[in-house]
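File shown: input.cif (mmCIF, C-alpha atoms).
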data_structure
loop_
_atom_site.label_atom_id
_atom_site.label_comp_id
_atom_site.auth_asym_id
_atom_site.auth_seq_id
_atom_site.Cartn_x
_atom_site.Cartn_y
_atom_site.Cartn_z
CA MET A 20 28.09 59.57 -11.95
CA LEU A 21 27.62 60.76 -15.49
CA ALA A 22 30.24 58.43 -16.68
CA ALA A 23 28.37 55.69 -15.02
CA LEU A 24 25.16 56.66 -16.80
CA ASN A 25 26.88 56.92 -20.15
CA ALA A 26 28.64 53.72 -19.76
CA PRO A 27 27.34 51.02 -21.96
CA PRO A 28 24.91 48.84 -20.15
CA GLN A 29 26.55 45.91 -18.52
CA PRO A 30 25.51 42.72 -20.12
CA ARG A 31 23.29 40.71 -17.88
CA PRO A 32 24.83 37.58 -16.54
CA PRO A 33 24.08 34.90 -19.03
CA THR A 34 21.13 32.92 -17.85
CA VAL A 35 21.31 29.31 -18.72
CA PRO A 36 18.20 28.65 -20.71
CA GLU A 37 16.21 25.91 -19.19
CA PRO A 38 16.17 22.91 -21.45
CA PRO A 39 12.87 22.82 -23.24
CA GLU A 40 12.45 19.22 -22.21
CA ARG A 41 12.57 20.20 -18.55
CA THR A 42 10.12 23.00 -19.13
CA LEU A 43 7.75 20.69 -20.88
CA VAL A 44 8.02 18.18 -18.08
CA LYS A 45 7.21 20.82 -15.46
CA ARG A 46 4.24 22.04 -17.43
CA ALA A 47 3.03 18.49 -17.93
CA GLN A 48 3.42 17.84 -14.21
CA GLY A 49 1.08 20.76 -13.68
CA GLY A 50 -1.53 19.05 -15.84
CA ASP A 51 -0.75 20.74 -19.17
CA LEU A 52 -1.70 18.08 -21.71
CA THR A 53 -0.40 20.13 -24.60
CA ALA A 54 3.07 20.03 -23.09
CA TYR A 55 2.77 16.29 -22.66
CA ASP A 56 1.70 15.97 -26.30
CA GLU A 57 4.94 17.67 -27.24
CA LEU A 58 6.92 15.24 -25.12
CA VAL A 59 5.12 12.35 -26.79
CA ARG A 60 5.94 13.71 -30.23
CA ARG A 61 9.55 14.17 -29.24
CA PHE A 62 10.13 10.63 -27.99
CA GLN A 63 7.51 8.48 -29.68
CA GLU A 64 9.72 7.29 -32.52
CA ARG A 65 12.53 6.09 -30.30
CA ILE A 66 10.19 4.47 -27.79
CA TYR A 67 8.22 2.78 -30.54
CA ALA A 68 11.39 1.58 -32.27
CA THR A 69 12.71 0.06 -29.05
CA LEU A 70 9.47 -1.77 -28.44
CA TYR A 71 9.17 -2.83 -32.06
CA HIS A 72 12.67 -4.30 -32.16
CA MET A 73 11.95 -6.11 -28.91
CA THR A 74 8.66 -7.64 -30.05
CA ALA A 75 9.11 -7.85 -33.85
CA ASN A 76 5.41 -7.07 -34.02
CA HIS A 77 3.97 -3.72 -35.04
CA GLU A 78 0.64 -4.11 -33.21
CA ASP A 79 2.29 -5.15 -29.94
CA ALA A 80 4.77 -2.31 -30.23
CA ALA A 81 2.00 0.21 -30.90
CA ASP A 82 0.04 -0.97 -27.84
CA LEU A 83 3.11 -0.97 -25.63
CA THR A 84 4.07 2.51 -26.80
CA GLN A 85 0.67 3.83 -25.74
CA GLU A 86 0.92 1.97 -22.43
CA THR A 87 4.35 3.42 -21.83
CA PHE A 88 3.23 7.01 -22.35
CA LEU A 89 0.09 6.45 -20.28
CA LYS A 90 2.06 5.03 -17.40
CA ALA A 91 4.60 7.82 -17.68
CA TYR A 92 1.84 10.42 -17.49
CA ARG A 93 0.35 8.81 -14.39
CA ALA A 94 3.77 8.60 -12.75
CA LEU A 95 4.88 12.05 -13.84
CA ALA A 96 4.20 13.57 -10.44
CA GLY A 97 6.82 11.26 -8.98
CA PHE A 98 9.48 12.23 -11.50
CA LYS A 99 12.05 14.24 -9.55
CA GLY A 100 14.47 14.90 -12.36
CA ASP A 101 17.29 12.79 -10.93
CA SER A 102 17.81 11.38 -14.39
CA SER A 103 16.78 12.84 -17.71
CA PHE A 104 13.18 12.44 -18.77
CA PHE A 105 14.46 10.45 -21.72
CA THR A 106 16.19 7.89 -19.47
CA TRP A 107 13.20 7.72 -17.15
CA LEU A 108 10.83 7.15 -20.06
CA TYR A 109 13.08 4.52 -21.57
CA ARG A 110 13.17 2.69 -18.26
CA ILE A 111 9.37 2.48 -18.26
CA ALA A 112 9.39 1.22 -21.84
CA VAL A 113 12.05 -1.39 -21.10
CA ASN A 114 10.12 -2.72 -18.12
CA LYS A 115 6.93 -2.79 -20.15
CA ALA A 116 8.63 -4.74 -22.91
CA ILE A 117 10.29 -7.26 -20.64
CA ASN A 118 7.10 -7.90 -18.66
CA PHE A 119 5.12 -8.25 -21.87
CA LEU A 120 7.57 -10.71 -23.37
CA LYS A 121 7.65 -12.81 -20.22
CA GLN A 122 3.86 -13.07 -20.28
CA ARG A 123 3.81 -13.94 -23.97
CA ARG A 124 4.05 -17.70 -23.74
CA HIS A 125 5.10 -18.57 -27.23
CA ARG A 126 7.39 -16.86 -29.66
CA GLY A 127 5.53 -13.90 -30.97
CA ARG A 128 4.07 -13.89 -34.43
CA LEU A 129 6.12 -11.67 -36.66
CA SER A 130 4.36 -8.57 -37.88
CA LEU A 131 7.17 -6.69 -39.49
CA ASN A 132 7.13 -3.20 -40.77
CA ASP A 133 8.01 -2.48 -44.35
CA LEU A 134 11.56 -1.56 -45.16
CA ASP A 135 12.31 1.98 -46.11
CA LEU A 136 13.13 2.28 -49.81
CA ASN A 137 16.52 3.71 -48.89
CA ALA A 138 17.57 0.28 -47.67
CA GLU A 139 17.99 -0.85 -51.25
CA HIS A 140 20.55 1.88 -51.75
CA ASP A 141 22.55 1.18 -48.62
CA PRO A 142 25.93 0.08 -49.99
CA ASP A 143 26.67 -2.13 -47.00
CA LEU A 144 23.42 -4.00 -47.38
CA VAL A 145 23.76 -4.28 -51.13
CA ALA A 146 27.24 -5.66 -50.69
CA LEU A 147 26.03 -8.05 -48.07
CA ILE A 148 23.45 -9.47 -50.42
CA SER A 149 25.40 -9.53 -53.65
CA ASP A 150 28.82 -10.53 -52.42
CA ARG A 151 28.80 -12.18 -49.04
CA THR A 152 25.61 -14.11 -49.08
CA PRO A 153 26.09 -17.53 -50.55
CA ARG A 154 22.46 -17.63 -51.62
CA ARG A 155 22.42 -14.91 -54.23
CA GLU A 156 18.67 -15.03 -54.62
CA VAL A 157 18.11 -13.76 -51.13
CA ASN A 158 16.42 -10.40 -51.01
CA LEU A 159 16.16 -7.73 -48.39
CA ALA A 160 12.74 -8.82 -47.15
CA GLU A 161 13.96 -12.35 -46.52
CA LEU A 162 17.04 -11.04 -44.80
CA GLN A 163 14.84 -8.85 -42.64
CA GLU A 164 12.72 -11.82 -41.60
CA LYS A 165 15.78 -13.93 -40.77
CA MET A 166 17.25 -11.07 -38.82
CA ASN A 167 14.10 -10.60 -36.73
CA ALA A 168 13.72 -14.32 -36.14
CA ALA A 169 17.29 -14.44 -34.88
CA MET A 170 16.66 -11.47 -32.60
CA LEU A 171 13.67 -13.24 -31.09
CA LYS A 172 15.88 -16.17 -30.15
CA LEU A 173 17.87 -13.96 -27.81
CA SER A 174 16.80 -13.52 -24.21
CA GLU A 175 14.97 -10.30 -23.37
CA VAL A 176 17.94 -8.58 -21.79
CA HIS A 177 20.32 -9.52 -24.60
CA ARG A 178 17.83 -8.39 -27.22
CA MET A 179 17.40 -5.13 -25.35
CA VAL A 180 21.12 -4.44 -25.31
CA VAL A 181 21.44 -5.09 -29.03
CA THR A 182 18.41 -2.90 -29.70
CA LEU A 183 19.61 0.02 -27.62
CA HIS A 184 23.24 -0.11 -28.71
CA ASP A 185 23.53 -1.59 -32.17
CA ILE A 186 20.25 -0.34 -33.59
CA GLN A 187 19.56 2.86 -31.69
CA GLY A 188 23.15 3.82 -31.02
CA LEU A 189 22.89 4.60 -27.32
CA PRO A 190 26.17 4.59 -25.38
CA HIS A 191 26.93 1.85 -22.88
CA GLU A 192 26.60 4.21 -19.91
CA GLU A 193 23.13 5.32 -20.93
CA ILE A 194 22.07 1.71 -21.46
CA GLY A 195 23.38 0.87 -18.00
CA ARG A 196 21.27 3.63 -16.49
CA ILE A 197 18.20 2.52 -18.41
CA MET A 198 18.57 -1.15 -17.57
CA GLY A 199 19.81 -0.63 -14.03
CA CYS A 200 23.14 -2.39 -14.44
CA ASN A 201 26.77 -1.36 -14.75
CA VAL A 202 28.70 -0.76 -17.93
CA GLY A 203 30.62 -4.02 -17.63
CA THR A 204 27.39 -5.96 -17.61
CA VAL A 205 26.19 -4.06 -20.66
CA ARG A 206 29.39 -4.86 -22.54
CA SER A 207 29.37 -8.53 -21.65
CA ARG A 208 25.71 -8.87 -22.56
CA LEU A 209 26.36 -7.15 -25.86
CA PHE A 210 29.27 -9.40 -26.67
CA TYR A 211 27.31 -12.54 -25.82
CA ALA A 212 24.29 -11.37 -27.81
CA ARG A 213 26.39 -10.67 -30.88
CA GLN A 214 28.02 -14.07 -30.65
CA GLN A 215 24.60 -15.64 -30.53
CA LEU A 216 23.32 -13.61 -33.47
CA GLN A 217 26.41 -14.42 -35.46
CA ALA A 218 25.79 -18.11 -34.91
CA TYR A 219 22.11 -17.84 -35.88
CA LEU A 220 22.89 -15.81 -39.03
CA SER A 221 26.08 -17.55 -40.06
CA ASP A 222 24.66 -18.43 -43.47
CA TYR A 223 24.24 -14.77 -44.29
CA LEU A 224 27.55 -13.56 -42.94
CA LYS A 225 30.02 -15.68 -44.89
CA MET B 17 32.50 4.44 -28.84
CA ARG B 18 35.12 1.77 -29.11
CA PRO B 19 35.76 0.29 -32.53
CA GLU B 20 33.94 -2.98 -32.75
CA PRO B 21 35.88 -6.18 -33.19
CA GLU B 22 36.44 -7.11 -36.77
CA ASN B 23 34.49 -10.33 -36.47
CA HIS B 24 31.34 -8.39 -35.66
CA GLN B 25 31.57 -5.92 -38.52
CA ALA B 26 29.50 -7.97 -40.95
CA LEU B 27 26.91 -8.64 -38.28
CA LEU B 28 26.63 -4.94 -37.47
CA LYS B 29 25.99 -4.18 -41.12
CA LEU B 30 23.24 -6.75 -41.13
CA ILE B 31 21.75 -5.37 -37.92
CA ALA B 32 21.69 -1.95 -39.58
CA LEU B 33 18.97 -3.33 -41.79
CA LYS B 34 16.56 -3.02 -38.90
CA ARG B 35 16.94 0.75 -38.89
CA TYR B 36 15.12 0.83 -42.20
CA GLU B 37 11.99 -0.80 -40.81
CA GLN B 38 9.27 1.84 -40.69
CA PRO B 39 5.72 1.70 -39.30
CA PRO B 40 2.78 2.40 -41.62
CA PRO B 41 2.60 5.98 -42.91
CA GLY B 42 0.81 8.37 -40.57
CA PHE B 43 1.37 6.20 -37.52
CA PHE B 44 3.41 8.79 -35.65
CA HIS B 45 1.03 11.53 -36.68
CA ASP B 46 -1.91 9.82 -34.99
CA LEU B 47 -0.17 8.37 -31.97
CA PRO B 48 -0.11 11.52 -29.76
CA GLN B 49 -3.82 12.02 -30.35
CA ARG B 50 -4.58 8.44 -29.38
CA ILE B 51 -2.48 8.73 -26.24
CA ARG B 52 -4.16 11.99 -25.31
CA ALA B 53 -7.61 10.49 -25.84
CA ARG B 54 -6.74 7.63 -23.52
CA ILE B 55 -5.39 9.99 -20.87
CA GLU B 56 -8.54 12.11 -21.00
CA ALA B 57 -10.75 9.04 -20.91
CA ALA B 58 -8.89 7.74 -17.87
CA GLU B 59 -9.23 11.09 -16.11
CA LEU B 60 -12.94 11.31 -16.83
CA ALA B 61 -13.67 7.75 -15.81
CA PRO B 62 -15.13 7.49 -12.29
CA ALA B 63 -12.82 6.03 -9.73
CA VAL B 64 -13.43 2.34 -9.35
CA PRO B 65 -13.77 1.18 -5.74
CA TRP B 66 -10.94 -0.96 -4.47
CA HIS B 67 -13.06 -4.08 -4.05
CA GLU B 68 -14.24 -3.89 -7.65
CA ARG B 69 -10.65 -3.53 -8.83
CA LEU B 70 -9.76 -6.58 -6.73
CA MET B 71 -12.60 -8.62 -8.16
CA ALA B 72 -11.73 -7.54 -11.67
CA ARG B 73 -8.19 -8.69 -11.11
CA PHE B 74 -9.37 -12.06 -9.88
CA ALA B 75 -11.63 -12.42 -12.89
CA VAL B 76 -8.63 -12.03 -15.14
CA LYS B 77 -6.34 -14.26 -13.11
CA PRO B 78 -8.01 -17.38 -11.70
CA ALA B 79 -4.69 -18.58 -10.32
CA LEU B 80 -4.45 -15.45 -8.22
CA ALA B 81 -7.98 -16.02 -6.91
CA ALA B 82 -7.11 -19.60 -5.99
CA ALA B 83 -3.95 -18.47 -4.22
CA PHE B 84 -5.89 -15.85 -2.30
CA THR B 85 -8.50 -18.40 -1.26
CA LEU B 86 -5.79 -20.78 -0.09
CA ALA B 87 -4.12 -18.04 1.88
CA VAL B 88 -7.36 -17.02 3.59
CA GLY B 89 -8.17 -20.67 4.32
CA GLY B 90 -4.70 -21.21 5.73
CA VAL B 91 -5.01 -18.21 8.02
CA TYR B 92 -8.44 -19.40 9.19
CA PHE B 93 -7.18 -22.92 9.89
CA PHE B 94 -4.12 -21.60 11.72
CA GLY B 95 -6.29 -19.32 13.83
CA LEU B 96 -8.57 -22.20 14.69
CA GLN B 97 -5.66 -24.35 15.81
CA LEU B 98 -4.23 -21.48 17.81
CA SER B 99 -7.48 -20.80 19.60
CA ASP B 100 -7.91 -24.50 20.38
CA LEU B 101 -4.43 -24.65 21.85
CA ALA B 102 -5.03 -21.52 23.91
CA GLU B 103 -8.26 -22.94 25.24
CA GLN B 104 -6.57 -26.14 26.31
CA GLN B 105 -3.77 -24.28 28.02
CA SER B 106 -6.29 -22.08 29.78
CA ALA B 107 -8.19 -25.13 31.02
CA LEU B 108 -5.02 -26.72 32.36
CA LYS B 109 -4.12 -23.46 34.08
CA ASP B 110 -7.48 -23.35 35.82
CA GLN B 111 -7.15 -26.89 37.07
CA PRO B 112 -6.48 -26.95 40.84
CA PRO B 113 -3.60 -29.03 42.13
CA ALA B 114 -4.44 -32.64 42.65
CA GLU B 115 -5.82 -33.26 46.10
CA VAL B 116 -4.95 -36.25 48.10
CA TRP B 117 -8.12 -37.95 48.97
CA TYR B 118 -8.34 -40.71 51.41
CA GLY B 119 -10.57 -43.59 51.37
CA ALA B 120 -13.03 -43.69 54.16
CA ALA B 121 -11.68 -44.98 57.40
CA PRO B 122 -13.09 -48.32 58.42
CA GLY B 123 -14.61 -46.85 61.54
CA ASN B 124 -16.46 -44.17 59.62
CA VAL B 125 -17.91 -46.37 57.01
CA ARG B 126 -20.79 -48.06 58.44
CA PRO B 127 -23.74 -46.92 56.45
CA PHE B 128 -25.45 -50.18 56.65
CA ALA B 129 -26.64 -52.22 59.45
CA PRO B 130 -24.30 -54.90 60.64
CA GLY B 131 -24.77 -58.06 58.79
CA PHE B 132 -26.65 -56.44 55.93
CA ILE B 133 -23.59 -56.01 53.81
CA SER B 134 -20.01 -56.73 54.38
CA LEU B 135 -17.36 -54.42 52.96
CA PRO B 136 -14.01 -56.03 52.46
CA TYR B 137 -12.13 -53.39 54.39
CA ALA B 138 -14.55 -53.24 57.30
CA GLU B 139 -12.54 -55.67 59.30
CA ASP B 140 -9.30 -55.07 57.48
CA PRO B 141 -6.73 -53.58 59.82
CA THR B 142 -4.55 -52.25 57.02
CA PRO B 143 -4.69 -48.46 56.40
CA PRO B 144 -7.04 -47.27 53.71
CA PRO B 145 -5.70 -46.89 50.18
CA VAL B 146 -4.55 -43.44 49.10
CA LEU B 147 -6.28 -42.20 46.01
CA SER B 148 -4.84 -39.35 44.05
CA SER B 149 -8.18 -38.00 43.07
CA SER B 150 -11.65 -39.20 42.79
CA VAL B 151 -11.91 -37.97 39.24
CA ALA B 152 -8.43 -38.88 38.14
CA PRO B 153 -9.48 -41.53 35.66
CA VAL B 154 -11.88 -39.19 34.04
CA LEU B 155 -9.65 -36.21 33.50
CA GLU B 156 -7.09 -36.34 30.80
CA PRO B 157 -4.05 -34.25 31.79
CA ASN B 158 -2.93 -33.81 28.20
CA PRO B 159 -6.03 -33.85 26.13
CA GLN B 160 -5.66 -34.94 22.60
CA ARG B 161 -5.67 -32.03 20.18
CA SER B 162 -8.59 -32.09 17.95
CA PHE B 163 -10.05 -29.96 15.26
CA PHE B 164 -13.24 -29.84 17.31
CA PRO B 165 -13.30 -28.63 20.91
CA THR B 166 -13.23 -31.45 23.43
CA PRO B 167 -15.50 -31.05 26.45
CA MET B 168 -13.29 -30.92 29.48
CA LEU B 169 -14.06 -31.38 33.11
CA ARG B 170 -13.60 -28.32 35.24
CA MET B 171 -12.05 -29.63 38.41
CA ASP B 172 -13.16 -26.66 40.38
CA GLN B 173 -16.70 -27.45 39.46
CA VAL B 174 -16.61 -31.15 40.30
CA GLN B 175 -18.62 -31.71 43.39
CA ARG B 176 -18.20 -34.54 45.72
CA VAL B 177 -21.31 -36.47 46.03
CA ASN B 178 -22.43 -38.32 49.03
CA PHE B 179 -25.00 -40.89 48.78
CA SER B 180 -26.57 -43.34 51.05
CA VAL B 181 -28.15 -46.57 50.24
CA GLY B 182 -30.82 -48.15 52.24
CA GLY B 183 -33.17 -45.55 53.58
CA SER B 184 -31.15 -43.63 56.08
CA ASP B 185 -33.66 -40.81 55.90
#

Structure translated into structure tokens:
Amino acid sequence: MLAALNAPPQPRPPTVPEPPERTLVKRAQGGDLTAYDELVRRFQERIYATLYHMTANHEDAADLTQETFLKAYRALAGFKGDSSFFTWLYRIAVNKAINFLKQRRHRGRLSLNDLDLNAEHDPDLVALISDRTPRREVNLAELQEKMNAAMLKLSEVHRMVVTLHDIQGLPHEEIGRIMGCNVGTVRSRLFYARQQLQAYLSDYLK
Amino acid sequence: MRPEPENHQALLKLIALKRYEQPPPGFFHDLPQRIRARIEAAELAPAVPWHERLMARFAVKPALAAAFTLAVGGVYFFGLQLSDLAEQQSALKDQPPAEVWYGAAPGNVRPFAPGFISLPYAEDPTPPPVLSSSVAPVLEPNPQRSFFPTPMLRMDQVQRVNFSVGGSD
């Protein structure tokens, strides 16, 4: 008995800490707007970037980002947690973007964001401009415009795959869950989209 | 992640340029506040009745309004045709089976004084003609369908008339 009392306390079974994201989601589902603010802060950059790369227009992307978070808040009660909040949110953003682009009759006017100053120090980009580009006078801003114009020539689903994989670095499986298709479809779309982009940008890739 | 094919390497380096595109400074600082303001505004806004939402949607999309009008018109027209057809079928159902009517026998038809008028069958020994119905020429067994209701004879309401000429009373 005494030995039992003197024995060092048994460590409690390790409780798996609930992921903060899940906690925030539950609090937001209960109407806690502060928790939802935190979720917005956590995902706003990725959601905005996806929508920006899809539209090549800052104003459209900003509007769609707000619409995405508004819709997500309204639908939050129906979120059961079958997928991660991140995937669920992305799915809303993807649908918003595709619907928006289908309604936009003509090719959208470009409203590109400024390039980060670090781009000028990216060795790959510097090499691309100075060595591989036949037109030596080309600068990063021009390359950016050509790149975005080429992206806009892709269909919505192909642009989305390039955005999610090649720009944002999501794995194929995650993209499949977001876009509601299998991994094989993601890979084939990605391959086709790259072939298309390569053809559109052939002058800058020699 | 699988290594990318060599022929896409240059393209991937070019695509990497897009990662350097940044929104105006302060954009991400303000965005949560703007989203929150819109959420609070939506929660405070009074609920719009369903018919006002419907009208607002039509105001934005005239094509949708036209489609809705066409659909309602189509349903109305279909209902009209259906009711017309049902009415005709009901009328035919109510029609009694055709009676065999006989022409008056020569012996019974003598309303007039002898010599006043001479009916052709008065002295004819042949049997009287058999008529299918006295109103057969009037009634149309399969009335033509029409957008407007056609007045139909109700056979059960047709009354035989007897008349006499020449002051029998």

| said: As a check of understanding, name the residues that the PyMOL selection byres ((chain A and resi 187) around 10) selects in the supplied structure, as an MDAnalysis selection string. | reply: (chainID A and resid 65 68:69 72 180:186 188:190) or (chainID B and resid 32 34:35)

| task | Could the residues of chain B within 9 Å of chain A, counting all atoms listed in the file, be given as a list in words, please? | result | Met17, His24, Ala26, Leu27, Leu28, Lys29, Leu30, Ile31, Ala32, Leu33, Lys34, Arg35, Tyr36, Glu37, Gln38, Pro39, Pro40, Phe43, Phe44, His45, Leu47, Pro48, Gln49, Arg50, Ile51, Arg52, Arg54 and Ile55 of chain B

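Going from CA of Lys45 in chain A over to CA of Ala58 in chain B, you cover 20.9 Å.
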
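Considering the residues A:Arg178, A:Lys172, A:Ala75, A:Leu129 and counting all atoms listed in the file, Val113 in chain A has its shortest atom-to-atom contact with A:Arg178.
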
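One distance worth recording is that between CA of Ala169 in chain A and CA of Tyr219 in chain A, which is 6.0 Å.
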
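Straight-line separation from CA of Phe98 in chain A to CA of Leu120 in chain A: 25.9 Å.
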
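Applied to this file, the PyMOL selection byres ((chain A and resi 100-110) around 9) selects the residues Glu40, Arg41, Val44, Phe62, Arg65, Ile66, Thr69, Thr87, Phe88, Ala91, Phe98, Lys99, Ile111, Ala112, Val113, Asn114, Lys115, Glu193, Ile194, Arg196, Ile197, Met198 and Gly199 of chain A.
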
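Proximity to Gly97 in chain A was assessed for A:Cys200, A:Asn76, A:Gln48, A:Arg128 counting only C-alpha atoms; the smallest distance is recorded for A:Gln48.
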
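Using only C-alpha atoms, the shortest contact distance between Ser207 in chain A and any of A:Leu95, A:Thr74, A:Gly49, A:His177 is found at A:His177.
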